[in-house]
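The next block is start_6.pdb, given as PDB, C-alpha atoms.
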ATOM      1  CA  MET A   1     -15.752   0.264 -16.857  1.00  0.00           C
ATOM      2  CA  LEU A   2     -17.430   1.084 -13.578  1.00  0.00           C
ATOM      3  CA  ALA A   3     -17.088   4.837 -14.164  1.00  0.00           C
ATOM      4  CA  MET A   4     -18.410   4.459 -17.691  1.00  0.00           C
ATOM      5  CA  GLY A   5     -21.439   2.557 -16.384  1.00  0.00           C
ATOM      6  CA  LEU A   6     -22.159   5.225 -13.779  1.00  0.00           C
ATOM      7  CA  GLY A   7     -21.769   7.931 -16.435  1.00  0.00           C
ATOM      8  CA  LEU A   8     -24.305   6.171 -18.644  1.00  0.00           C
ATOM      9  CA  PHE A   9     -26.698   5.974 -15.688  1.00  0.00           C
ATOM     10  CA  GLY A  10     -26.299   9.757 -15.289  1.00  0.00           C
ATOM     11  CA  ILE A  11     -27.147  10.310 -18.969  1.00  0.00           C
ATOM     12  CA  ALA A  12     -30.168   7.982 -18.661  1.00  0.00           C
ATOM     13  CA  TYR A  13     -31.365   9.866 -15.588  1.00  0.00           C
ATOM     14  CA  GLY A  14     -31.050  13.153 -17.466  1.00  0.00           C
ATOM     15  CA  GLN A  15     -33.124  11.768 -20.334  1.00  0.00           C
ATOM     16  CA  TYR A  16     -35.690  10.321 -17.933  1.00  0.00           C
ATOM     17  CA  MET A  17     -36.141  13.614 -16.060  1.00  0.00           C
ATOM     18  CA  GLU A  18     -37.118  15.544 -19.200  1.00  0.00           C
ATOM     19  CA  PRO A  19     -40.822  16.488 -19.290  1.00  0.00           C
ATOM     20  CA  LEU A  20     -41.870  13.526 -21.455  1.00  0.00           C
ATOM     21  CA  GLY A  21     -38.931  11.268 -20.547  1.00  0.00           C
ATOM     22  CA  ASN A  22     -40.910   8.669 -18.612  1.00  0.00           C
ATOM     23  CA  LEU A  23     -43.305   8.355 -21.575  1.00  0.00           C
ATOM     24  CA  LEU A  24     -40.437   7.802 -24.062  1.00  0.00           C
ATOM     25  CA  PRO A  25     -38.419   4.883 -22.642  1.00  0.00           C
ATOM     26  CA  MET A  26     -36.589   4.399 -25.941  1.00  0.00           C
ATOM     27  CA  ARG A  27     -34.618   7.584 -25.221  1.00  0.00           C
ATOM     28  CA  TRP A  28     -33.215   6.544 -21.836  1.00  0.00           C
ATOM     29  CA  MET A  29     -33.565   2.737 -21.637  1.00  0.00           C
ATOM     30  CA  PRO A  30     -30.537   1.931 -23.910  1.00  0.00           C
ATOM     31  CA  PHE A  31     -28.302   4.002 -21.610  1.00  0.00           C
ATOM     32  CA  VAL A  32     -29.530   2.011 -18.591  1.00  0.00           C
ATOM     33  CA  VAL A  33     -28.926  -1.341 -20.310  1.00  0.00           C
ATOM     34  CA  ILE A  34     -25.437  -0.401 -21.556  1.00  0.00           C
ATOM     35  CA  GLY A  35     -24.640   1.113 -18.135  1.00  0.00           C
ATOM     36  CA  MET A  36     -25.647  -2.119 -16.373  1.00  0.00           C
ATOM     37  CA  LEU A  37     -23.535  -4.191 -18.766  1.00  0.00           C
ATOM     38  CA  SER A  38     -20.548  -1.890 -18.211  1.00  0.00           C
ATOM     39  CA  ILE A  39     -20.836  -2.166 -14.442  1.00  0.00           C
ATOM     40  CA  LEU A  40     -21.173  -5.970 -14.586  1.00  0.00           C
ATOM     41  CA  ILE A  41     -18.133  -6.272 -16.873  1.00  0.00           C
ATOM     42  CA  GLY A  42     -16.155  -3.966 -14.556  1.00  0.00           C
ATOM     43  CA  ILE A  43     -17.031  -6.081 -11.513  1.00  0.00           C
ATOM     44  CA  PHE A  44     -16.133  -9.232 -13.478  1.00  0.00           C
ATOM     45  CA  PHE A  45     -12.681  -7.829 -14.288  1.00  0.00           C
ATOM     46  CA  LEU A  46     -12.116  -6.809 -10.662  1.00  0.00           C
ATOM     47  CA  VAL A  47     -12.982 -10.322  -9.487  1.00  0.00           C
ATOM     48  CA  ILE A  48     -10.879 -12.245 -12.019  1.00  0.00           C
ATOM     49  CA  ARG A  49      -7.803 -10.152 -11.217  1.00  0.00           C
ATOM     50  CA  GLN A  50      -7.786 -11.804  -7.791  1.00  0.00           C
ATOM     51  CA  ILE A  51      -8.091 -15.349  -9.163  1.00  0.00           C
ATOM     52  CA  ALA A  52      -4.711 -15.658 -10.938  1.00  0.00           C
ATOM     53  CA  TYR A  53      -1.802 -17.150  -8.999  1.00  0.00           C
ATOM     54  CA  VAL A  54       1.390 -19.215  -9.257  1.00  0.00           C
ATOM     55  CA  GLN A  55       2.244 -21.907  -6.720  1.00  0.00           C
ATOM     56  CA  ALA A  56       5.312 -24.123  -6.399  1.00  0.00           C
ATOM     57  CA  PHE A  57       4.615 -27.774  -5.579  1.00  0.00           C
ATOM     58  CA  PRO A  58       7.232 -30.488  -4.928  1.00  0.00           C
ATOM     59  CA  THR A  59       6.976 -31.865  -8.484  1.00  0.00           C
ATOM     60  CA  HIS A  60       5.641 -28.997 -10.570  1.00  0.00           C
ATOM     61  CA  LEU A  61       4.795 -25.324 -10.812  1.00  0.00           C
ATOM     62  CA  LYS A  62       1.058 -24.628 -10.879  1.00  0.00           C
ATOM     63  CA  PHE A  63       0.114 -21.637 -13.021  1.00  0.00           C
ATOM     64  CA  VAL A  64      -3.546 -20.566 -12.744  1.00  0.00           C
ATOM     65  CA  THR A  65      -5.382 -17.794 -14.600  1.00  0.00           C
ATOM     66  CA  PRO A  66      -9.145 -17.293 -14.915  1.00  0.00           C
ATOM     67  CA  PHE A  67      -9.242 -19.136 -18.255  1.00  0.00           C
ATOM     68  CA  LEU A  68      -6.188 -21.418 -18.126  1.00  0.00           C
ATOM     69  CA  ARG A  69      -4.737 -23.856 -15.582  1.00  0.00           C
ATOM     70  CA  LEU A  70      -1.265 -25.104 -16.341  1.00  0.00           C
ATOM     71  CA  ASN A  71       1.181 -27.419 -14.555  1.00  0.00           C
ATOM     72  CA  ILE A  72       4.809 -26.953 -15.545  1.00  0.00           C
ATOM     73  CA  SER A  73       7.113 -29.799 -14.511  1.00  0.00           C
ATOM     74  CA  TYR A  74      10.437 -28.768 -13.001  1.00  0.00           C
ATOM     75  CA  LYS A  75      12.105 -30.980 -15.625  1.00  0.00           C
ATOM     76  CA  ARG A  76      10.931 -28.489 -18.275  1.00  0.00           C
ATOM     77  CA  ILE A  77      12.472 -25.489 -16.520  1.00  0.00           C
ATOM     78  CA  HIS A  78      15.898 -24.624 -17.887  1.00  0.00           C
ATOM     79  CA  LYS A  79      16.677 -21.648 -15.626  1.00  0.00           C
ATOM     80  CA  THR A  80      15.077 -18.693 -13.889  1.00  0.00           C
ATOM     81  CA  THR A  81      16.186 -15.081 -13.941  1.00  0.00           C
ATOM     82  CA  THR A  82      14.767 -11.785 -12.758  1.00  0.00           C
ATOM     83  CA  ALA A  83      14.437  -8.522 -14.646  1.00  0.00           C
ATOM     84  CA  GLU A  84      12.466  -5.310 -14.505  1.00  0.00           C
ATOM     85  CA  MET A  85       9.442  -5.258 -16.755  1.00  0.00           C
ATOM     86  CA  ARG A  86      10.637  -2.156 -18.628  1.00  0.00           C
ATOM     87  CA  GLN A  87      13.840  -4.006 -19.584  1.00  0.00           C
ATOM     88  CA  LEU A  88      11.871  -6.945 -20.929  1.00  0.00           C
ATOM     89  CA  PHE A  89       9.309  -4.791 -22.742  1.00  0.00           C
ATOM     90  CA  PRO A  90      10.690  -1.367 -23.713  1.00  0.00           C
ATOM     91  CA  PRO A  91       7.839   1.193 -23.522  1.00  0.00           C
ATOM     92  CA  LYS A  92       9.079   2.957 -26.668  1.00  0.00           C
ATOM     93  CA  SER A  93       8.207  -0.131 -28.731  1.00  0.00           C
ATOM     94  CA  MET A  94       4.530  -0.006 -27.639  1.00  0.00           C
ATOM     95  CA  SER A  95       1.604   1.952 -28.996  1.00  0.00           C
ATOM     96  CA  GLY A  96       0.049   4.693 -26.850  1.00  0.00           C
ATOM     97  CA  TRP A  97      -2.811   2.799 -25.205  1.00  0.00           C
ATOM     98  CA  VAL A  98      -0.661  -0.300 -24.538  1.00  0.00           C
ATOM     99  CA  ARG A  99       1.990   1.938 -22.962  1.00  0.00           C
ATOM    100  CA  ASP A 100      -0.697   3.406 -20.687  1.00  0.00           C
ATOM    101  CA  ILE A 101      -1.742  -0.080 -19.565  1.00  0.00           C
ATOM    102  CA  PHE A 102       1.901  -1.102 -19.080  1.00  0.00           C
ATOM    103  CA  ALA A 103       2.982   2.027 -17.125  1.00  0.00           C
ATOM    104  CA  PRO A 104       2.054   0.726 -13.609  1.00  0.00           C
ATOM    105  CA  LEU A 105       3.973  -2.508 -14.278  1.00  0.00           C
ATOM    106  CA  ALA A 106       7.130  -0.966 -15.768  1.00  0.00           C
ATOM    107  CA  ASN A 107       9.095  -0.556 -12.508  1.00  0.00           C
ATOM    108  CA  GLN A 108       8.192  -3.932 -11.029  1.00  0.00           C
ATOM    109  CA  THR A 109      10.504  -6.952 -11.003  1.00  0.00           C
ATOM    110  CA  ALA A 110       9.402 -10.073 -12.856  1.00  0.00           C
ATOM    111  CA  VAL A 111      10.625 -13.665 -12.740  1.00  0.00           C
ATOM    112  CA  VAL A 112      11.501 -15.040 -16.175  1.00  0.00           C
ATOM    113  CA  ILE A 113      11.189 -18.827 -16.299  1.00  0.00           C
ATOM    114  CA  GLU A 114      13.066 -20.162 -19.300  1.00  0.00           C
ATOM    115  CA  LEU A 115      11.708 -23.517 -20.430  1.00  0.00           C
ATOM    116  CA  LYS A 116      13.072 -26.385 -22.495  1.00  0.00           C
ATOM    117  CA  GLY A 117       9.678 -26.494 -24.206  1.00  0.00           C
ATOM    118  CA  TYR A 118       6.136 -25.318 -23.596  1.00  0.00           C
ATOM    119  CA  PRO A 119       3.804 -27.801 -21.829  1.00  0.00           C
ATOM    120  CA  ILE A 120       1.047 -26.990 -24.347  1.00  0.00           C
ATOM    121  CA  SER A 121       0.956 -25.374 -27.755  1.00  0.00           C
ATOM    122  CA  PRO A 122       2.350 -21.794 -27.820  1.00  0.00           C
ATOM    123  CA  VAL A 123      -0.675 -20.785 -29.909  1.00  0.00           C
ATOM    124  CA  ILE A 124      -3.015 -21.759 -27.072  1.00  0.00           C
ATOM    125  CA  LEU A 125      -0.814 -19.985 -24.514  1.00  0.00           C
ATOM    126  CA  ARG A 126      -0.783 -16.775 -26.565  1.00  0.00           C
ATOM    127  CA  LEU A 127      -4.548 -17.043 -27.017  1.00  0.00           C
ATOM    128  CA  PHE A 128      -5.273 -17.172 -23.284  1.00  0.00           C
ATOM    129  CA  LEU A 129      -2.397 -15.105 -21.852  1.00  0.00           C
ATOM    130  CA  SER A 130      -1.431 -11.467 -22.276  1.00  0.00           C
ATOM    131  CA  ARG A 131       1.465 -10.469 -24.514  1.00  0.00           C
ATOM    132  CA  PHE A 132       3.337  -9.448 -21.355  1.00  0.00           C
ATOM    133  CA  PHE A 133       3.852 -13.124 -20.452  1.00  0.00           C
ATOM    134  CA  PHE A 134       6.148 -13.568 -23.484  1.00  0.00           C
ATOM    135  CA  ARG A 135       9.106 -11.334 -24.341  1.00  0.00           C
ATOM    136  CA  ASP A 136      10.082 -13.121 -27.585  1.00  0.00           C
ATOM    137  CA  LYS A 137       9.569 -16.400 -29.459  1.00  0.00           C
ATOM    138  CA  SER A 138      11.797 -18.538 -27.188  1.00  0.00           C
ATOM    139  CA  PRO A 139      10.028 -20.907 -24.748  1.00  0.00           C
ATOM    140  CA  HIS A 140       9.684 -18.974 -21.509  1.00  0.00           C
ATOM    141  CA  VAL A 141       7.087 -17.367 -19.253  1.00  0.00           C
ATOM    142  CA  VAL A 142       7.368 -13.945 -17.603  1.00  0.00           C
ATOM    143  CA  ILE A 143       5.652 -13.952 -14.209  1.00  0.00           C
ATOM    144  CA  LEU A 144       4.995 -10.842 -12.161  1.00  0.00           C
ATOM    145  CA  VAL A 145       4.516 -11.670  -8.467  1.00  0.00           C
ATOM    146  CA  LYS A 146       4.258  -9.428  -5.410  1.00  0.00           C
ATOM    147  CA  ASP A 147       7.265 -10.901  -3.569  1.00  0.00           C
ATOM    148  CA  TRP A 148       9.627 -11.973  -6.343  1.00  0.00           C
ATOM    149  CA  MET A 149      12.487 -12.803  -3.946  1.00  0.00           C
ATOM    150  CA  LYS A 150      10.398 -15.259  -1.939  1.00  0.00           C
ATOM    151  CA  PHE A 151       8.918 -16.838  -5.066  1.00  0.00           C
ATOM    152  CA  SER A 152      12.303 -17.145  -6.772  1.00  0.00           C
ATOM    153  CA  SER A 153      13.955 -18.761  -3.743  1.00  0.00           C
ATOM    154  CA  GLU A 154      11.000 -21.122  -3.250  1.00  0.00           C
ATOM    155  CA  LEU A 155      11.090 -22.106  -6.922  1.00  0.00           C
ATOM    156  CA  ASP A 156      14.853 -22.738  -6.841  1.00  0.00           C
ATOM    157  CA  SER A 157      14.618 -24.778  -3.647  1.00  0.00           C
ATOM    158  CA  ARG A 158      11.738 -26.864  -5.034  1.00  0.00           C
ATOM    159  CA  ARG A 159      13.711 -27.512  -8.219  1.00  0.00           C
ATOM    160  CA  SER A 160      16.753 -28.622  -6.227  1.00  0.00           C
ATOM    161  CA  GLY A 161      14.649 -30.789  -3.886  1.00  0.00           C
ATOM    162  CA  VAL A 162      15.506 -28.856  -0.711  1.00  0.00           C
ATOM    163  CA  ASP A 163      12.613 -27.866   1.541  1.00  0.00           C
ATOM    164  CA  PRO A 164      12.568 -24.048   1.874  1.00  0.00           C
ATOM    165  CA  ASN A 165      10.876 -24.256   5.289  1.00  0.00           C
ATOM    166  CA  PRO A 166      12.345 -27.241   7.161  1.00  0.00           C
ATOM    167  CA  PRO A 167      10.624 -28.225  10.415  1.00  0.00           C
ATOM    168  CA  PRO A 168      12.389 -26.951  13.526  1.00  0.00           C
ATOM    169  CA  ALA A 169      14.698 -29.494  15.118  1.00  0.00           C
ATOM    170  CA  ARG A 170      13.746 -30.734  18.574  1.00  0.00           C
ATOM    171  CA  LYS A 171      16.308 -30.018  21.224  1.00  0.00           C
ATOM    172  CA  GLN A 172      17.076 -32.867  23.579  1.00  0.00           C
ATOM    173  CA  ARG A 173      19.212 -32.617  26.634  1.00  0.00           C
ATOM    174  CA  ARG A 174      21.886 -35.232  26.667  1.00  0.00           C
ATOM    175  CA  GLY A 175      22.547 -34.974  30.383  1.00  0.00           C
ATOM    176  CA  SER A 176      19.076 -35.868  31.637  1.00  0.00           C
ATOM    177  CA  ILE A 177      18.027 -39.254  32.970  1.00  0.00           C
ATOM    178  CA  LEU A 178      15.029 -39.350  30.602  1.00  0.00           C
ATOM    179  CA  HIS A 179      17.332 -39.217  27.607  1.00  0.00           C
ATOM    180  CA  LYS A 180      18.842 -42.593  28.563  1.00  0.00           C
ATOM    181  CA  LEU A 181      15.443 -44.370  28.515  1.00  0.00           C
ATOM    182  CA  PRO A 182      14.617 -46.337  25.340  1.00  0.00           C
ATOM    183  CA  GLN A 183      12.372 -44.472  22.914  1.00  0.00           C
ATOM    184  CA  LYS A 184       9.298 -46.036  21.342  1.00  0.00           C
TER     185      LYS A 184
END

Could you rewrite the structure in this file as structure tokens?
Amino acid sequence: MLAMGLGLFGIAYGQYMEPLGNLLPMRWMPFVVIGMLSILIGIFFLVIRQIAYVQAFPTHLKFVTPFLRLNISYKRIHKTTTAEMRQLFPPKSMSGWVRDIFAPLANQTAVVIELKGYPISPVILRLFLSRFFFRDKSPHVVILVKDWMKFSSELDSRRSGVDPNPPPARKQRRGSILHKLPQK
């Protein structure tokens, strides 16, 4: 989108630099307006890519996208598995432009969270989430995270109730005189 906007600015500049270009704004002004919109939409998409995240809390999994915030209780989670994206979504079953979008994701490992039921209507989920969050009609969510091993272990430990990062134990010397004093 950014490149398209800059290209439209180049076309507008070419139209403006013609001998009577500055007197005929209707020839170059639409290119400027469409170029500005393209650049703003491109910046918007770059910003919202950084907003989406998944976070494990003690009681639920928080799933945040730019247009949807969702809490999934651990009681709803049936099991979690991992798989490569190309195994979940075979590229041969996609059309050309979707395959081009999917190509950078194909070799990455995703966490598949199989649910007992969706927390909200599947229609709403499919409206606000990409088709790559759902591999079939069963209740599940496919999540692509940077460090899938860390996320998967944190999710499993939260589900089981074990703290993944316990506080370090304090070492006390049993042979010292201070150890025999009563503690407050």

- Note on the structure: Pairwise distance, atom CA of Thr80 of chain A with atom CA of Ser138 of chain A, equals 13.7 Å

Kindly assemble as CSV a list of the segment 21-123 of chain A residues that lie within 8 Å of segment 143-161 of chain A, each paired with its nearest atom pair and their distance in Å to one decimal, using only C-alpha atoms, sorted first by chain and then by ascending residue number.
residue,atom,partner,partner_atom,distance
A:Ala56,CA,A:Leu155,CA,6.1
A:Phe57,CA,A:Arg158,CA,7.2
A:Pro58,CA,A:Arg158,CA,5.8
A:Thr59,CA,A:Arg158,CA,7.7
A:Tyr74,CA,A:Arg159,CA,5.9
A:Thr80,CA,A:Ser152,CA,7.8
A:Gln108,CA,A:Leu144,CA,7.7
A:Thr109,CA,A:Leu144,CA,6.8
A:Ala110,CA,A:Leu144,CA,4.5
A:Val111,CA,A:Ile143,CA,5.2
A:Val112,CA,A:Ile143,CA,6.3
A:Ile113,CA,A:Ile143,CA,7.7

- Item | For atom CA of Leu6 of chain A and atom CA of Ile39 of chain A, the interatomic separation in Å (one decimal) | 7.5 Å

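Of note, atom CA of Ser93 of chain A and atom CA of Ala3 of chain A are spaced 29.6 Å apart.
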
- Message: Here's a test: counting only C-alpha atoms, identify every protein, DNA and RNA residue with an atom at most 9 Å from (-33.1, 6.9, -14.6) in the file's coordinate frame, and state them as a list in words.
- Response: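 Output: Phe9, Gly10, Ile11, Ala12, Tyr13, Gly14, Gln15, Tyr16, Met17, Asn22, Trp28, Met29, Phe31 and Val32 of chain A.
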
- Given only C-alpha atoms as the counted atoms, nearest of A:Ser73, A:Phe134, A:Lys62, A:Lys116 to Phe89 of chain A: A:Phe134

When you look at segment 40-54 of chain A with a cut-off of 10 Å (counting only C-alpha atoms), what residues show up, excluding the ones that are within fewer than 2 positions of it in the same chain? I need them as a PDB file with C-alpha atoms, keeping the file's coordinate frame.
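Written file, around.pdb:
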ATOM      1  CA  MET A   1     -15.752   0.264 -16.857  1.00  0.00           C
ATOM      2  CA  LEU A   2     -17.430   1.084 -13.578  1.00  0.00           C
ATOM      3  CA  ALA A   3     -17.088   4.837 -14.164  1.00  0.00           C
ATOM      4  CA  MET A   4     -18.410   4.459 -17.691  1.00  0.00           C
ATOM      5  CA  GLY A   5     -21.439   2.557 -16.384  1.00  0.00           C
ATOM      6  CA  ILE A  34     -25.437  -0.401 -21.556  1.00  0.00           C
ATOM      7  CA  GLY A  35     -24.640   1.113 -18.135  1.00  0.00           C
ATOM      8  CA  MET A  36     -25.647  -2.119 -16.373  1.00  0.00           C
ATOM      9  CA  LEU A  37     -23.535  -4.191 -18.766  1.00  0.00           C
ATOM     10  CA  SER A  38     -20.548  -1.890 -18.211  1.00  0.00           C
ATOM     11  CA  ALA A  56       5.312 -24.123  -6.399  1.00  0.00           C
ATOM     12  CA  PHE A  57       4.615 -27.774  -5.579  1.00  0.00           C
ATOM     13  CA  LEU A  61       4.795 -25.324 -10.812  1.00  0.00           C
ATOM     14  CA  LYS A  62       1.058 -24.628 -10.879  1.00  0.00           C
ATOM     15  CA  PHE A  63       0.114 -21.637 -13.021  1.00  0.00           C
ATOM     16  CA  VAL A  64      -3.546 -20.566 -12.744  1.00  0.00           C
ATOM     17  CA  THR A  65      -5.382 -17.794 -14.600  1.00  0.00           C
ATOM     18  CA  PRO A  66      -9.145 -17.293 -14.915  1.00  0.00           C
ATOM     19  CA  PHE A  67      -9.242 -19.136 -18.255  1.00  0.00           C
ATOM     20  CA  LEU A  68      -6.188 -21.418 -18.126  1.00  0.00           C
ATOM     21  CA  ARG A  69      -4.737 -23.856 -15.582  1.00  0.00           C
ATOM     22  CA  LEU A  70      -1.265 -25.104 -16.341  1.00  0.00           C
ATOM     23  CA  ASN A  71       1.181 -27.419 -14.555  1.00  0.00           C
ATOM     24  CA  ILE A 143       5.652 -13.952 -14.209  1.00  0.00           C
ATOM     25  CA  LEU A 144       4.995 -10.842 -12.161  1.00  0.00           C
ATOM     26  CA  VAL A 145       4.516 -11.670  -8.467  1.00  0.00           C
ATOM     27  CA  PHE A 151       8.918 -16.838  -5.066  1.00  0.00           C
TER      28      PHE A 151
END

Exercise on segment 99-117 of chain A, axis-aligned box with 6 Å per side, report centre and edge lengths in Å to one decimal, as JSON:
{"center_x": 5.7, "center_y": -11.5, "center_z": -17.6, "size_x": 26.8, "size_y": 41.9, "size_z": 25.2}

- Counting all atoms listed in the file, select every polymer residue within 8 Å of (7.8, -24.3, -26.8) as defined in the file's coordinates, and provide the selection as a PyMOL selection string. chain A and resi 115-122+138-140

- Message: Given only C-alpha atoms as the basis, pick out the residue of A:Arg131, A:Arg126, A:His60, A:Arg76 nearest to Phe102 of chain A.
- Response: A:Arg131

- Item | Best match for closeness to Asp136 of chain A among A:Met26, A:Asn107, A:Gln183, A:Glu114, counting all atoms listed in the file | A:Glu114

Since the input lacks atoms, please generate N, CA and C atoms for segment 76-92 of chain A and provide them as an mmCIF file, in the coordinates of the input.
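Now in rebuild_8.cif:
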data_model
loop_
_atom_site.group_PDB
_atom_site.id
_atom_site.type_symbol
_atom_site.label_atom_id
_atom_site.label_comp_id
_atom_site.auth_asym_id
_atom_site.auth_seq_id
_atom_site.Cartn_x
_atom_site.Cartn_y
_atom_site.Cartn_z
ATOM 1 N N ARG A 76 11.027 -29.387 -17.118
ATOM 2 C CA ARG A 76 10.931 -28.489 -18.275
ATOM 3 C C ARG A 76 11.652 -27.162 -18.064
ATOM 4 N N ILE A 77 11.867 -26.790 -16.818
ATOM 5 C CA ILE A 77 12.472 -25.489 -16.520
ATOM 6 C C ILE A 77 13.977 -25.555 -16.735
ATOM 7 N N HIS A 78 14.468 -24.692 -17.602
ATOM 8 C CA HIS A 78 15.898 -24.624 -17.887
ATOM 9 C C HIS A 78 16.607 -23.752 -16.849
ATOM 10 N N LYS A 79 16.128 -22.535 -16.659
ATOM 11 C CA LYS A 79 16.677 -21.648 -15.626
ATOM 12 C C LYS A 79 15.687 -20.530 -15.353
ATOM 13 N N THR A 80 15.908 -19.838 -14.236
ATOM 14 C CA THR A 80 15.077 -18.693 -13.889
ATOM 15 C C THR A 80 15.974 -17.478 -13.696
ATOM 16 N N THR A 81 15.481 -16.347 -14.134
ATOM 17 C CA THR A 81 16.186 -15.081 -13.941
ATOM 18 C C THR A 81 15.163 -14.026 -13.533
ATOM 19 N N THR A 82 15.654 -12.892 -13.084
ATOM 20 C CA THR A 82 14.767 -11.785 -12.758
ATOM 21 C C THR A 82 15.168 -10.578 -13.590
ATOM 22 N N ALA A 83 14.186 -9.744 -13.878
ATOM 23 C CA ALA A 83 14.437 -8.522 -14.646
ATOM 24 C C ALA A 83 13.279 -7.569 -14.401
ATOM 25 N N GLU A 84 13.548 -6.285 -14.584
ATOM 26 C CA GLU A 84 12.466 -5.310 -14.505
ATOM 27 C C GLU A 84 11.629 -5.394 -15.772
ATOM 28 N N MET A 85 10.355 -5.151 -15.623
ATOM 29 C CA MET A 85 9.442 -5.258 -16.755
ATOM 30 C C MET A 85 9.822 -4.302 -17.890
ATOM 31 N N ARG A 86 10.296 -3.114 -17.573
ATOM 32 C CA ARG A 86 10.637 -2.156 -18.628
ATOM 33 C C ARG A 86 11.859 -2.594 -19.424
ATOM 34 N N GLN A 87 12.721 -3.454 -18.840
ATOM 35 C CA GLN A 87 13.840 -4.006 -19.584
ATOM 36 C C GLN A 87 13.377 -5.112 -20.532
ATOM 37 N N LEU A 88 12.399 -5.873 -20.089
ATOM 38 C CA LEU A 88 11.871 -6.945 -20.929
ATOM 39 C C LEU A 88 11.011 -6.411 -22.069
ATOM 40 N N PHE A 89 10.234 -5.381 -21.763
ATOM 41 C CA PHE A 89 9.309 -4.791 -22.742
ATOM 42 C C PHE A 89 9.546 -3.289 -22.781
ATOM 43 N N PRO A 90 10.419 -2.806 -23.656
ATOM 44 C CA PRO A 90 10.690 -1.367 -23.713
ATOM 45 C C PRO A 90 9.428 -0.572 -24.070
ATOM 46 N N PRO A 91 9.067 0.422 -23.260
ATOM 47 C CA PRO A 91 7.839 1.193 -23.522
ATOM 48 C C PRO A 91 7.848 1.916 -24.872
ATOM 49 N N LYS A 92 9.018 2.247 -25.384
ATOM 50 C CA LYS A 92 9.079 2.957 -26.668
ATOM 51 C C LYS A 92 8.616 2.086 -27.834
#
